[in-house]
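Below you'll find the structure, written out as structure tokens, and then a few comments.
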Amino acid sequence: RFKKARLRVEKAIKEKKIFALQGPYPVIRRLLRARGWVERKLPLHGKQQKQQPGDQKKQQLQRRASGGGDEQGKAVLNPRGGAQPSLGSTESLHHPCPRHKDKEEREDEDKKEDKEQSSEDSDDIHDLMSFLVQDQVPNFLWTIRLNNIDQKLLPRIEVVNRYPRLYALCTKEGLYQSLQNLPWFEQVDFNTFFPRCHRLGIMDEQEAFIEDFRLTAARSLLKLALQKVQDRPVGTEEPPKSDKVAAPKAPVPQQGSVLRPQGCHRSHVSHPMPSTAEQHFPLYPHLVEEAMEVCKQHLGVLEHQDIDRGTPSPCIDWDRFLQEYYRVAHEGTRLELSREQQEQCQDLLQHLEEQLPQLGIEGNLNIWILKPSAKSRGRGIVCTKRLEEVLELVQSCRAPVARVCEWVVQKYVERLLTIFGTKFDIRQWFVVTDWKPLTVWFYRDCYLRFCSRPFSLHHLEPARHLCNVTIQKRYKTSQPDPRVPPDKVWSNRQFQEHLARLGQADAWQRVMVPGMKAAILSSLRCARERVSSRKGSFELLGADFLIGEDFQPWLLEINSCPTMSPSSAMTRRLCANVQRDTLRLVLDRKDDPSCSIGAFELLYREAAVDSCLTVGLKLLITGYSLKKP
């Protein structure tokens, strides 16, 4: 066994096939071992691994390999021979490989890779080989956190799966800031694929949000007025007749309220429902006129009729206007609309739609979503439909984890595509293999994540509006519709079959995929100059999209290090496939450019830019002083 391990280690060192792994990635470990790679196992950070049964036998093998000495194991991955640099995390880095194998949709190459792993390769021999390479710097590193890697050692590792400083792309605030620069790179308006947002920690942007909220309320009021004339219920939908579903473990807000993040305190704000008489009695005849006046002046600014003025604020009491709008939008108060006003409203909204690409997703309830800038997995996100709630939340969040400068508020996509009355989003993978020149690979397979309760704009609890798996796990499994899968996940193939049943079989390839590709590429282009590029690195990223009623995709965020932990049998297969194909893309193609890369396709490769000429150009200007006549 020792001889076999030594031969394999010598071959791996010669072929530069030493890898290190940090994080829960058993699929990566299995695939690399099948390729003949040897793992340099990383110790726990500041801890010693617990001795397991059979460790004495391993230690005997290790003593035999090291000649009975202990000094060899004290200078691991340290070129100076000092203390070993910490490459590990506080969590265990050894995750057993799953024993079951999903044979569905296995390619011949996948079976070959599995067969290459000998049945004799027990944990004992891998531990022994890991000990034999403990003085080697890894040639390949797959890590969940780049900041845990010793910065002096990192440049010596040839291939790393992370790029440093992706703040400009993978945080909500950073992505928003980067997209502001998109016009410098291409003639595309980011408002066509990214819901508008504002940073509440910047006073100018907080004021811009207040103005945006007011203008959106005015437009929403015109939509509600027309909707009433057309004999539709006020609001985009009727509240569910029954809300007696399984209670979540997390607190659920009542109608008109929001969930509060930890560290935030606010006084109770009550919104009394009007009586039945109030709901059916025509109120606020002046409200429509005020809303039309606001929209007319805003349209004039959008059409550049007066370039010397900003967004106008008519002489109305906005506090009163919003309170009356709330009663109309959220409490069912009636509106009176003459035929002349109806025609004016229709004309105004038609002209506004030509100027505002997001008018179609606004809906008419003016809901906004408040997000911590740098958190993931849906943590701290709340929905609200009242301006004072957002401002009160900003003022009340005093805890260090919820500083005002870390909050962004984004327009909620109210008019979205649902499946069986349930909200969903799409997790789409892509890989960046180089930033200079920019090279991007798009993964053709993706998956949908469903919420646990039926979609409703009248109830804003996370079970209905946040599709993150981490959020939905807090709620007991209750089927919003028997046709929704119990594991709340669909593949893109299942989604395409659903679209075909709706008579929209071409919507996926004609609208959604091109839209997702364009949004990803635009985001990368405008963030490129703010990202640290490193030759030899790559990164697998995950973009989250919502789909509008017109099938247009809307980018929500881009995630670095997307989870590979399966939440269902389908995600287990897809996550294993994307990891397999990523290794093919970044490792196998180096030796065989014609090898299969699975479901990856080249999305974009920037033309190489020639370096500046060093000869042939003279930029020196010589001059002579003028003599005074």
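Going by the structure tokens order, chains are called A, B, ..., each with residues numbered from 1, while ligands are numbered from 1 in the order shown.
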Handout entry: Lys172 (chain A) surroundings by only C-alpha atoms, 12 Å radius, close-in-sequence under 6 positions cut, as a PyMOL selection string
Key = chain A and resi 166+178-179+194-199+370-376+378+381+406-410+523+543-544+555-560
Neighbours of region 484-486 of chain A within 10 Å (only C-alpha atoms; same-chain residues fewer than 6 positions away dropped), as a PDB file with C-alpha atoms, in the first residue's frame?
ATOM      1  CA  ILE A 419     -46.380  29.098 -11.768  1.00  0.00           C
ATOM      2  CA  PHE A 420     -49.610  27.686 -10.365  1.00  0.00           C
ATOM      3  CA  GLY A 421     -50.076  30.953  -8.460  1.00  0.00           C
ATOM      4  CA  THR A 422     -46.672  30.658  -6.761  1.00  0.00           C
ATOM      5  CA  PHE A 450     -40.447  28.135  -5.519  1.00  0.00           C
ATOM      6  CA  CYS A 451     -41.926  29.854  -2.498  1.00  0.00           C
ATOM      7  CA  SER A 452     -43.876  27.873   0.078  1.00  0.00           C
ATOM      8  CA  THR A 477     -44.009  22.106   3.948  1.00  0.00           C
ATOM      9  CA  SER A 478     -47.474  23.115   2.827  1.00  0.00           C
ATOM     10  CA  SER A 568     -33.394  17.932  -3.674  1.00  0.00           C
TER      11      SER A 568
END
Handout entry: Exercise: Cys345 (chain A) partners within 10 Å, only C-alpha atoms, chain neighbours under 3 positions left out, as number ranges by chain
Key = A: 219, 221-223, 225-226, 288-289, 291-292, 295-296, 337, 339-342, 348-350
Per-residue nearest contacts region 411-431 of chain A to region 509-516 of chain A, cut-off 12 Å, using only C-alpha atoms, as a tab-separated table:
residue	atom	partner	partner_atom	distance
A:Leu417	CA	A:Met512	CA	11.9
A:Ile426	CA	A:Met516	CA	10.0
A:Arg427	CA	A:Met516	CA	10.6
A:Gln428	CA	A:Met516	CA	8.3
A:Trp429	CA	A:Met516	CA	10.5
A:Phe430	CA	A:Met516	CA	10.6
Completion exercise
Shortest contact to Pro454 (chain A), candidates A:Thr433, A:Thr418, A:Gln552, A:Thr216, atoms counted only C-alpha atoms, goes to A:Thr418
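Taking CA of Leu365 (chain A) as the reference point, CA of Leu416 (chain A) is found at 13.6 Å.
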Practice task
Identify all residues of region 488-600 of chain A in alpha helix (DSSP H) (DSSP on the backbone) and supply them as a ChimeraX atom specification.
Solution key: /A:492-501,507,513-527,569-583,589-591
Practice task
Enter the distance from CA of Asn468 (chain A) to CA of Asp425 (chain A), in Å, rounded to one decimal.
Solution key: 8.7 Å
Fill in the blank from the handout: Of A:Trp142, A:Trp184, A:Tyr163, A:Phe131, the one sitting nearest Glu539 (chain A) when using only C-alpha atoms is A:Tyr163
Exercise for the section: List every residue of region 110-184 of chain A that DSSP, applied to the backbone of this structure, places in strand (DSSP E or B), and write the result as a PyMOL selection string. Expected result: chain A and resi 140-143+159-160
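Residue nearest Leu356 (chain A) within the list A:Glu303, A:Lys14, A:Glu173, A:Gln136: A:Glu303 [criterion: smallest interatomic distance, only C-alpha atoms].
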Handout entry: Distance criterion (only C-alpha atoms): nearest to Val531 (chain A) out of A:Leu457, A:Ile369, A:Met203, A:Cys170
Key = A:Cys170
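Distances here use only C-alpha atoms; by that measure, the residue among A:Lys152, A:Arg464, A:Arg320, A:Lys423 closest to Val382 (chain A) is A:Arg464.
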